[in-house]
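What follows is the content of entry_33.cif (mmCIF, C-alpha atoms).
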```
data_entry
#
loop_
_atom_site.label_atom_id
_atom_site.label_comp_id
_atom_site.auth_asym_id
_atom_site.auth_seq_id
_atom_site.Cartn_x
_atom_site.Cartn_y
_atom_site.Cartn_z
CA MET A 1 41.97 -44.93 -30.07
CA ALA A 2 44.74 -42.41 -29.48
CA GLU A 3 48.08 -43.06 -31.19
CA LYS A 4 50.09 -42.49 -28.05
CA LYS A 5 49.14 -43.63 -24.59
CA PHE A 6 49.53 -41.07 -21.82
CA THR A 7 49.13 -41.24 -18.07
CA ILE A 8 46.54 -38.76 -16.92
CA VAL A 9 45.46 -37.87 -13.40
CA MET A 10 41.91 -36.57 -13.02
CA ILE A 11 41.25 -34.75 -9.74
CA ASP A 12 37.60 -33.97 -9.00
CA ASP A 13 35.53 -34.57 -5.90
CA GLU A 14 32.60 -35.50 -8.17
CA VAL A 15 32.97 -39.31 -8.26
CA GLU A 16 30.59 -39.85 -11.18
CA LEU A 17 32.31 -37.20 -13.25
CA CYS A 18 35.70 -38.82 -12.63
CA ASN A 19 34.28 -42.22 -13.61
CA MET A 20 32.81 -40.86 -16.82
CA VAL A 21 35.97 -38.97 -17.86
CA SER A 22 38.05 -41.99 -16.93
CA GLU A 23 35.89 -44.22 -19.14
CA PHE A 24 36.23 -41.80 -22.05
CA LEU A 25 40.00 -41.37 -21.78
CA SER A 26 40.50 -45.13 -21.25
CA MET A 27 38.54 -45.79 -24.45
CA GLU A 28 41.00 -43.41 -26.10
CA GLY A 29 43.77 -45.68 -24.86
CA HIS A 30 45.13 -43.57 -22.01
CA ASN A 31 45.98 -44.68 -18.51
CA VAL A 32 43.77 -42.71 -16.10
CA VAL A 33 44.10 -42.29 -12.35
CA CYS A 34 41.03 -40.79 -10.65
CA VAL A 35 41.34 -38.90 -7.39
CA ASN A 36 38.17 -37.84 -5.56
CA LYS A 37 39.76 -36.65 -2.33
CA PRO A 38 41.89 -33.56 -2.94
CA GLU A 39 43.98 -34.28 0.18
CA GLU A 40 45.14 -37.48 -1.56
CA ALA A 41 45.88 -35.76 -4.86
CA MET A 42 49.58 -34.98 -4.36
CA GLU A 43 50.35 -38.52 -3.28
CA ALA A 44 48.60 -39.79 -6.43
CA VAL A 45 50.52 -37.32 -8.62
CA ARG A 46 53.87 -38.32 -7.06
CA ARG A 47 53.08 -41.99 -7.57
CA ALA A 48 51.59 -41.80 -11.07
CA ARG A 49 54.07 -39.21 -12.47
CA PRO A 50 51.40 -38.17 -15.00
CA ASP A 51 51.88 -36.63 -18.41
CA MET A 52 48.90 -34.39 -17.74
CA VAL A 53 46.52 -33.45 -14.93
CA PHE A 54 42.87 -32.40 -15.18
CA LEU A 55 42.05 -30.51 -12.00
CA ASP A 56 38.73 -29.24 -10.67
CA ILE A 57 38.92 -25.79 -9.07
CA LEU A 58 36.17 -25.89 -6.47
CA MET A 59 36.71 -28.77 -4.07
CA PRO A 60 36.34 -29.17 -0.30
CA LYS A 61 39.36 -28.95 2.04
CA ILE A 62 41.96 -28.04 -0.63
CA SER A 63 41.07 -25.86 -3.60
CA GLY A 64 42.19 -26.72 -7.09
CA LEU A 65 44.22 -23.49 -7.25
CA GLU A 66 46.18 -24.53 -4.15
CA LEU A 67 46.76 -28.00 -5.61
CA LEU A 68 47.90 -26.39 -8.85
CA SER A 69 50.70 -24.62 -6.94
CA GLN A 70 51.69 -27.88 -5.26
CA ILE A 71 51.74 -29.82 -8.55
CA LYS A 72 53.82 -27.09 -10.21
CA ALA A 73 56.23 -27.12 -7.24
CA PHE A 74 56.57 -30.90 -7.67
CA ASN A 75 57.09 -30.75 -11.44
CA LYS A 76 56.50 -27.55 -13.35
CA GLU A 77 56.57 -29.40 -16.69
CA ILE A 78 53.28 -31.25 -16.10
CA PRO A 79 50.51 -29.50 -18.04
CA VAL A 80 47.58 -28.90 -15.70
CA VAL A 81 44.17 -28.20 -17.20
CA MET A 82 41.82 -26.49 -14.78
CA ILE A 83 38.14 -27.44 -14.78
CA SER A 84 35.44 -25.21 -13.36
CA ALA A 85 31.70 -25.53 -13.03
CA LEU A 86 31.45 -21.78 -12.69
CA ARG A 87 32.98 -19.45 -15.22
CA ASP A 88 34.81 -16.92 -13.16
CA ASN A 89 37.36 -14.59 -14.69
CA SER A 90 39.25 -14.11 -11.42
CA ASN A 91 39.81 -17.89 -11.16
CA TYR A 92 40.85 -17.98 -14.80
CA GLN A 93 43.47 -15.26 -14.32
CA GLU A 94 44.77 -16.74 -11.07
CA ALA A 95 45.02 -20.21 -12.63
CA LEU A 96 47.02 -18.87 -15.58
CA ASP A 97 49.27 -16.88 -13.23
CA LYS A 98 49.98 -20.08 -11.29
CA GLY A 99 50.98 -21.92 -14.45
CA ALA A 100 47.78 -23.66 -15.64
CA ALA A 101 48.05 -24.84 -19.23
CA ASP A 102 44.39 -24.52 -20.09
CA PHE A 103 40.91 -23.99 -18.74
CA LEU A 104 37.66 -25.94 -19.28
CA SER A 105 34.21 -24.79 -18.16
CA LYS A 106 31.62 -27.41 -17.28
CA PRO A 107 29.66 -28.56 -19.11
CA PHE A 108 32.18 -29.18 -21.88
CA PRO A 109 32.04 -31.70 -24.77
CA LEU A 110 34.32 -34.67 -24.09
CA GLU A 111 36.13 -33.88 -27.34
CA GLN A 112 37.63 -30.91 -25.48
CA LEU A 113 39.65 -33.35 -23.37
CA LYS A 114 41.10 -34.85 -26.55
CA ILE A 115 41.89 -31.37 -27.86
CA CYS A 116 43.75 -30.53 -24.63
CA ILE A 117 45.81 -33.73 -24.92
CA LEU A 118 46.54 -32.99 -28.56
CA LYS A 119 47.49 -29.39 -27.82
CA HIS A 120 49.62 -29.89 -24.72
CA LEU A 121 51.06 -33.38 -25.18
CA VAL A 122 50.96 -34.67 -28.76
CA ARG A 123 51.96 -31.40 -30.44
CA LYS A 124 54.71 -30.76 -27.87
CA GLU A 125 56.52 -34.01 -28.64
CA MET B 1 24.75 11.10 3.82
CA ASN B 2 23.76 11.14 0.16
CA ARG B 3 20.01 10.67 -0.02
CA TYR B 4 20.54 8.28 -2.94
CA ALA B 5 23.04 6.12 -1.01
CA LEU B 6 22.67 2.45 -1.88
CA LYS B 7 23.05 -0.60 0.28
CA GLN B 8 23.57 -4.14 -0.89
CA PRO B 9 20.29 -5.75 0.15
CA LYS B 10 20.97 -9.00 2.00
CA GLU B 11 18.13 -10.75 0.18
CA LEU B 12 19.68 -9.98 -3.21
CA LEU B 13 23.10 -11.22 -2.11
CA PHE B 14 21.52 -14.36 -0.68
CA ILE B 15 19.72 -15.06 -3.96
CA THR B 16 22.82 -14.47 -6.10
CA ASP B 17 24.86 -16.68 -3.78
CA PHE B 18 22.18 -19.37 -3.93
CA LEU B 19 22.05 -19.16 -7.73
CA SER B 20 25.82 -19.37 -7.91
CA HIS B 21 25.87 -22.59 -5.86
CA MET B 22 22.97 -24.02 -7.81
CA ALA B 23 24.65 -23.25 -11.16
CA HIS B 24 27.82 -24.98 -9.92
CA TYR B 25 25.87 -28.06 -8.80
CA MET B 26 23.78 -28.22 -11.98
CA ASN B 27 26.80 -27.85 -14.27
CA ASN B 28 28.43 -30.83 -12.58
CA ARG B 29 25.30 -32.93 -13.09
CA ILE B 30 24.91 -31.80 -16.72
CA GLU B 31 28.54 -32.67 -17.45
CA VAL B 32 28.04 -36.21 -16.14
CA ILE B 33 24.70 -36.81 -17.90
CA SER B 34 25.81 -35.41 -21.26
CA GLY B 35 29.19 -37.14 -20.92
CA TRP B 36 27.66 -40.60 -20.58
CA ALA B 37 25.35 -39.81 -23.53
CA GLN B 38 28.39 -38.80 -25.60
CA LEU B 39 30.05 -42.10 -24.70
CA LEU B 40 26.96 -43.97 -25.93
CA LEU B 41 27.07 -42.05 -29.21
CA ASN B 42 30.80 -42.85 -29.52
CA LEU B 43 30.26 -46.61 -29.22
CA LYS B 44 31.57 -48.59 -32.15
CA GLU B 45 28.57 -50.95 -32.06
CA GLN B 46 26.02 -48.48 -33.39
CA ASN B 47 22.35 -49.02 -32.66
CA GLU B 48 19.70 -46.74 -34.15
CA LYS B 49 17.55 -46.59 -31.02
CA VAL B 50 20.49 -46.10 -28.67
CA ASN B 51 21.70 -43.26 -30.88
CA LYS B 52 18.23 -41.70 -30.91
CA TYR B 53 17.82 -41.89 -27.13
CA ALA B 54 21.37 -40.71 -26.44
CA GLY B 55 20.83 -37.84 -28.88
CA ALA B 56 17.65 -36.84 -27.01
CA ILE B 57 19.58 -36.88 -23.70
CA MET B 58 22.26 -34.69 -25.29
CA ASP B 59 19.65 -32.21 -26.59
CA GLN B 60 18.02 -31.88 -23.19
CA SER B 61 21.40 -31.55 -21.46
CA GLN B 62 22.29 -28.71 -23.80
CA GLN B 63 18.95 -27.05 -23.13
CA MET B 64 19.60 -27.35 -19.41
CA ALA B 65 23.12 -25.95 -19.87
CA ARG B 66 21.67 -22.89 -21.63
CA THR B 67 19.20 -22.38 -18.77
CA VAL B 68 21.98 -22.61 -16.19
CA GLU B 69 24.05 -20.18 -18.23
CA ALA B 70 21.16 -17.68 -18.16
CA ILE B 71 20.89 -18.12 -14.38
CA ARG B 72 24.64 -17.77 -14.00
CA ARG B 73 24.50 -14.26 -15.40
CA PHE B 74 22.91 -13.22 -12.10
CA THR B 75 25.69 -14.66 -9.95
CA HIS B 76 28.79 -12.81 -8.76
CA LEU B 77 26.94 -9.53 -8.57
CA ASP B 78 28.62 -8.53 -5.34
CA SER B 79 30.34 -5.32 -6.45
CA PRO B 80 32.22 -4.01 -3.41
CA HIS B 81 30.70 -0.55 -3.53
CA PRO B 82 28.41 1.50 -5.75
CA GLU B 83 30.01 3.79 -8.32
CA LEU B 84 28.94 6.99 -9.94
CA THR B 85 28.80 6.18 -13.61
CA PRO B 86 26.97 7.17 -16.79
CA PRO B 87 24.52 4.33 -17.54
CA GLU B 88 25.63 4.58 -21.19
CA MET B 89 29.02 3.18 -20.19
CA ILE B 90 27.48 0.11 -18.56
CA LEU B 91 25.10 -0.17 -21.51
CA GLN B 92 28.03 -0.42 -23.93
CA GLU B 93 29.49 -3.26 -21.84
CA ALA B 94 26.14 -5.08 -22.04
CA ILE B 95 25.90 -4.53 -25.80
CA SER B 96 29.47 -5.82 -26.27
CA PHE B 97 28.55 -8.93 -24.28
CA ALA B 98 25.45 -9.49 -26.44
CA ARG B 99 27.54 -9.11 -29.63
CA ARG B 100 30.13 -11.62 -28.36
CA GLU B 101 27.33 -14.10 -27.62
CA GLY B 102 26.00 -13.67 -31.17
CA TRP B 103 22.60 -12.46 -29.95
CA LEU B 104 22.61 -9.47 -32.29
CA ASP B 105 23.59 -11.36 -35.44
CA LYS B 106 20.06 -11.18 -36.91
CA ILE B 107 19.09 -7.93 -35.22
CA LYS B 108 19.31 -4.36 -36.46
CA LEU B 109 20.53 -2.35 -33.49
CA ILE B 110 19.72 1.37 -33.29
CA GLN B 111 21.26 3.38 -30.48
CA GLY B 112 19.89 6.77 -29.53
CA LEU B 113 21.99 7.87 -26.62
CA ALA B 114 21.53 11.15 -24.76
CA SER B 115 23.96 13.83 -25.96
CA LYS B 116 24.66 14.99 -22.40
CA GLN B 117 25.40 12.06 -20.17
CA SER B 118 24.10 11.95 -16.62
CA GLU B 119 25.48 9.83 -13.83
CA VAL B 120 23.71 7.29 -11.70
CA CYS B 121 24.80 5.57 -8.50
CA ALA B 122 25.08 1.91 -9.37
CA PHE B 123 26.49 -1.46 -8.45
CA ARG B 124 28.13 -1.88 -11.83
CA LYS B 125 27.87 -5.66 -12.27
CA GLN B 126 24.24 -5.66 -11.19
CA LEU B 127 23.19 -2.93 -13.59
CA GLN B 128 25.10 -4.64 -16.39
CA ALA B 129 23.18 -7.87 -15.64
CA VAL B 130 19.91 -5.91 -15.87
CA PHE B 131 20.81 -4.48 -19.29
CA VAL B 132 22.02 -7.87 -20.55
CA GLU B 133 18.76 -9.49 -19.47
CA LEU B 134 16.65 -6.83 -21.20
CA ILE B 135 18.67 -7.20 -24.43
CA CYS B 136 18.37 -11.00 -24.17
CA ASN B 137 14.59 -10.80 -23.75
CA ALA B 138 14.21 -8.34 -26.62
CA VAL B 139 16.23 -10.60 -28.93
CA ALA B 140 14.26 -13.68 -27.84
CA ALA B 141 11.05 -11.86 -28.79
CA MET B 142 12.36 -11.52 -32.37
CA PRO B 143 13.24 -15.09 -33.43
CA GLN B 144 13.07 -14.11 -37.12
CA GLY B 145 15.12 -10.97 -36.54
CA GLY B 146 13.94 -7.39 -36.14
CA THR B 147 15.00 -4.03 -34.78
CA LEU B 148 16.19 -3.32 -31.25
CA THR B 149 16.26 0.37 -30.36
CA ILE B 150 18.18 1.28 -27.23
CA SER B 151 17.88 4.87 -26.12
CA THR B 152 18.78 6.96 -23.12
CA SER B 153 17.37 10.28 -21.98
CA ALA B 154 17.33 12.33 -18.84
CA SER B 155 14.89 14.53 -16.98
CA ARG B 156 15.73 16.78 -14.03
CA ASP B 157 15.93 13.94 -11.51
CA THR B 158 15.98 10.71 -13.45
CA VAL B 159 17.71 8.85 -16.27
CA ARG B 160 15.69 6.65 -18.60
CA ILE B 161 17.19 3.70 -20.49
CA ALA B 162 14.73 2.12 -22.91
CA PHE B 163 14.90 -1.14 -24.86
CA ALA B 164 12.31 -1.33 -27.65
CA ASP B 165 11.95 -4.38 -29.86
CA THR B 166 9.76 -5.18 -32.85
CA GLY B 167 9.00 -8.67 -31.59
CA VAL B 168 5.96 -10.70 -30.69
CA GLY B 169 4.92 -8.47 -27.79
CA ILE B 170 3.45 -9.48 -24.45
CA ALA B 171 -0.17 -10.57 -24.11
CA ASP B 172 -2.22 -8.17 -21.98
CA ALA B 173 -2.94 -10.92 -19.44
CA ASP B 174 0.79 -11.61 -19.01
CA ARG B 175 2.02 -8.05 -18.65
CA LYS B 176 1.50 -7.85 -14.88
CA LYS B 177 3.08 -11.26 -14.32
CA VAL B 178 6.35 -10.82 -16.17
CA PHE B 179 8.21 -9.75 -13.01
CA ASP B 180 6.89 -12.66 -10.94
CA PRO B 181 9.45 -15.35 -10.12
CA PHE B 182 9.28 -18.45 -12.32
CA PHE B 183 6.90 -16.82 -14.79
CA GLY B 184 8.11 -17.28 -18.34
CA THR B 185 6.83 -17.46 -21.88
CA LYS B 186 10.11 -18.54 -23.49
CA THR B 187 10.52 -22.28 -24.08
CA GLY B 188 12.99 -23.74 -21.61
CA ALA B 189 13.33 -20.49 -19.65
CA PHE B 190 13.57 -20.61 -15.87
CA GLY B 191 11.53 -17.46 -15.31
CA LEU B 192 13.94 -15.66 -13.01
CA GLY B 193 15.37 -13.00 -15.33
CA LEU B 194 12.84 -10.18 -14.99
CA PHE B 195 12.28 -11.03 -11.32
CA MET B 196 16.00 -10.44 -10.72
CA VAL B 197 15.82 -7.27 -12.83
CA SER B 198 13.07 -5.88 -10.60
CA LEU B 199 14.98 -6.81 -7.41
CA ILE B 200 18.16 -5.13 -8.63
CA LEU B 201 16.36 -1.99 -9.80
CA ASP B 202 14.58 -1.82 -6.47
CA ALA B 203 17.98 -1.87 -4.75
CA HIS B 204 18.99 1.06 -6.99
CA ASN B 205 15.89 3.08 -6.05
CA GLY B 206 14.85 2.60 -9.65
CA SER B 207 11.93 1.08 -11.51
CA ILE B 208 10.98 -0.45 -14.83
CA ARG B 209 8.02 0.35 -17.07
CA VAL B 210 6.58 -1.95 -19.71
CA LYS B 211 4.70 -0.96 -22.84
CA SER B 212 3.73 -3.69 -25.24
CA THR B 213 1.49 -4.28 -28.23
CA PRO B 214 1.00 -7.98 -29.03
CA GLY B 215 2.31 -8.62 -32.53
CA SER B 216 4.16 -5.28 -32.75
CA GLY B 217 6.74 -5.20 -29.98
CA THR B 218 7.66 -4.27 -26.45
CA GLU B 219 9.44 -1.41 -24.76
CA MET B 220 11.04 -1.93 -21.36
CA ALA B 221 12.18 1.36 -19.83
CA VAL B 222 14.50 1.47 -16.81
CA ILE B 223 14.21 4.59 -14.68
CA LEU B 224 17.08 5.41 -12.33
CA PRO B 225 17.58 8.42 -10.08
CA LYS B 226 20.32 10.83 -11.15
CA SER B 227 23.10 11.14 -8.66
CA ARG B 228 25.67 13.76 -7.79
CA ARG B 229 29.40 13.25 -7.48
CA MET B 230 30.82 12.47 -4.05
CA ARG B 231 34.42 11.78 -3.05
CA LYS B 232 36.62 9.62 -5.29
CA GLY B 233 33.80 8.71 -7.65
CA ARG B 234 31.89 6.93 -4.90
CA CYS B 235 28.34 7.60 -3.98
#
```

Once more with this new file: its structure as structure tokens, please.
Amino acid sequence: MAEKKFTIVMIDDEVELCNMVSEFLSMEGHNVVCVNKPEEAMEAVRRARPDMVFLDILMPKISGLELLSQIKAFNKEIPVVMISALRDNSNYQEALDKGAADFLSKPFPLEQLKICILKHLVRKE
Amino acid sequence: MNRYALKQPKELLFITDFLSHMAHYMNNRIEVISGWAQLLLNLKEQNEKVNKYAGAIMDQSQQMARTVEAIRRFTHLDSPHPELTPPEMILQEAISFARREGWLDKIKLIQGLASKQSEVCAFRKQLQAVFVELICNAVAAMPQGGTLTISTSASRDTVRIAFADTGVGIADADRKKVFDPFFGTKTGAFGLGLFMVSLILDAHNGSIRVKSTPGSGTEMAVILPKSRRMRKGRC
């Protein structure tokens, strides 16, 4: 169980992946909001006011990179960790340029999520 | 028009695009499967059988992830235009990649590069993927370690890039099949690597020659036509 409870928004059109990550982070004691429809992501972010966002890059209708810009325009302090199922250096560079805090490539061990939280939330406090 | 002018074959782009989408889809599935297995292993109420089964799921997921990673190396090969380049330069990029991946940790690498470099007309990313695949195969043939000799040489019209290992070699019966799709002798391999190599070399008006002695090693030699410089380094 994590020492501090954070609110985390997970945005990924893969429903099962969201469920699994949500289960893991909930077991760690965090409050997780899953969003599977990218067009509903900003509304969820505004409502949840998360401490951190995990954001898939390749999604239908709105790409993760576009959502990243919108989240940063809403609140540039929220660390956004980009998740990709395809390692692509151009995405990596663009995500960093747009203010992404970190980058995870699927498949990643779940411990990586904990490391991101430790790095960008716990250590920053 | 340069007689060596290259075109991106539609079939090759279709295959790389297909592989790219498949790798994306598979990585999503692997993440979910291995994630649930990790959650089982993290449970406080430990159960020996559950741990054993979850561990087996994890092992297979990791094997699948390695296969997808090997496939992924043949995606994003759509270089916008061919470039005139010494193959040695692309070769060094491939060797650097292999070093970063740790493939050469147990391997003695000998490089015998031609003193006078020739240029070939190449889609850079594609040729790099060919060299990476040939290094990967050579290393896989030497699980206990060995020597990989990479050499380049040139004749009047062609450049030769050879990868010779001291590994297990290829059985005579298999030698003609190694470029067939889905043919593989490596455990867990998908059998697309050398098929993609032959497609890419075909698109470069090149070829590949195999010499192998079972138990002693294999040499894979890439032959590419030399090219002459056109405007702005393009060909």

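Taken over the whole file, the PyMOL selection byres ((chain B and resi 33-43) around 6) covers exactly Ile30, Glu31, Val32, Lys44, Glu45, Asn51, Ala54, Met58 and Ser61 of chain B.
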
For C-alpha atoms, I'd like the residues from the last selection saved as a JSON list (two decimals), in the coordinates of the input.
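Contents of the output file out.json:
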```json
[["chain", "number", "residue", "atom", "x", "y", "z"],
["B", 30, "ILE", "CA", 24.91, -31.80, -16.72],
["B", 31, "GLU", "CA", 28.54, -32.67, -17.45],
["B", 32, "VAL", "CA", 28.04, -36.21, -16.14],
["B", 44, "LYS", "CA", 31.57, -48.59, -32.15],
["B", 45, "GLU", "CA", 28.57, -50.95, -32.06],
["B", 51, "ASN", "CA", 21.70, -43.26, -30.88],
["B", 54, "ALA", "CA", 21.37, -40.71, -26.44],
["B", 58, "MET", "CA", 22.26, -34.69, -25.29],
["B", 61, "SER", "CA", 21.40, -31.55, -21.46]]
```

Of B:Ser118, B:Thr152, B:Ser20, B:Asn27, the one nearest to Pro107 in chain A when counting only C-alpha atoms is B:Asn27

When the PyMOL selection byres ((chain A and resi 13) around 9) is applied to the structure above, which residues does it catch, written out as a ChimeraX atom specification?
/A:11-12,14-18,35-38,56,58-60

Suppose a student applies the PyMOL selection byres ((chain A and resi 45) around 10) to this structure; what residues should they get, written as an MDAnalysis selection string?
chainID A and resid 8:11 33 35 40:44 46:53 71 74:75

Can you tell me, as a VMD selection string, what residues are no more than 7 Å from His30 in chain A when counting only C-alpha atoms, ignoring any on the same chain fewer than 5 positions away?
chain A and resid 5 to 7 25

Distance cut-off 12 Å, counting only C-alpha atoms - which residues of chain A neighbour chain B? Return them as a ChimeraX atom specification.
/A:1,12-28,56-59,83-90,104-113

Can you tell me, as a PyMOL selection string, what residues are no more than 10 Å from Phe183 in chain B when counting only C-alpha atoms, ignoring any on the same chain fewer than 2 positions away?
chain B and resi 174+177-181+185-186+189-195

Would you mind exporting C-alpha atoms of the selected residues as a PDB file, in the frame of the given file?
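Below is the file result_36.pdb, written as the result:
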```
ATOM      1  CA  ASP B 174       0.790 -11.610 -19.010  1.00  0.00           C
ATOM      2  CA  LYS B 177       3.080 -11.260 -14.320  1.00  0.00           C
ATOM      3  CA  VAL B 178       6.350 -10.820 -16.170  1.00  0.00           C
ATOM      4  CA  PHE B 179       8.210  -9.750 -13.010  1.00  0.00           C
ATOM      5  CA  ASP B 180       6.890 -12.660 -10.940  1.00  0.00           C
ATOM      6  CA  PRO B 181       9.450 -15.350 -10.120  1.00  0.00           C
ATOM      7  CA  THR B 185       6.830 -17.460 -21.880  1.00  0.00           C
ATOM      8  CA  LYS B 186      10.110 -18.540 -23.490  1.00  0.00           C
ATOM      9  CA  ALA B 189      13.330 -20.490 -19.650  1.00  0.00           C
ATOM     10  CA  PHE B 190      13.570 -20.610 -15.870  1.00  0.00           C
ATOM     11  CA  GLY B 191      11.530 -17.460 -15.310  1.00  0.00           C
ATOM     12  CA  LEU B 192      13.940 -15.660 -13.010  1.00  0.00           C
ATOM     13  CA  GLY B 193      15.370 -13.000 -15.330  1.00  0.00           C
ATOM     14  CA  LEU B 194      12.840 -10.180 -14.990  1.00  0.00           C
ATOM     15  CA  PHE B 195      12.280 -11.030 -11.320  1.00  0.00           C
TER      16      PHE B 195
END
```

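With CA of Thr213 in chain B on one side and CA of Ile107 in chain B on the other, the separation reads 19.3 Å.
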
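As for CA of Ile200 in chain B and CA of Gln128 in chain B, they are spaced 10.4 Å apart.
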
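Between CA of Ile15 in chain B and CA of Asp165 in chain B there is a distance of 29.1 Å.
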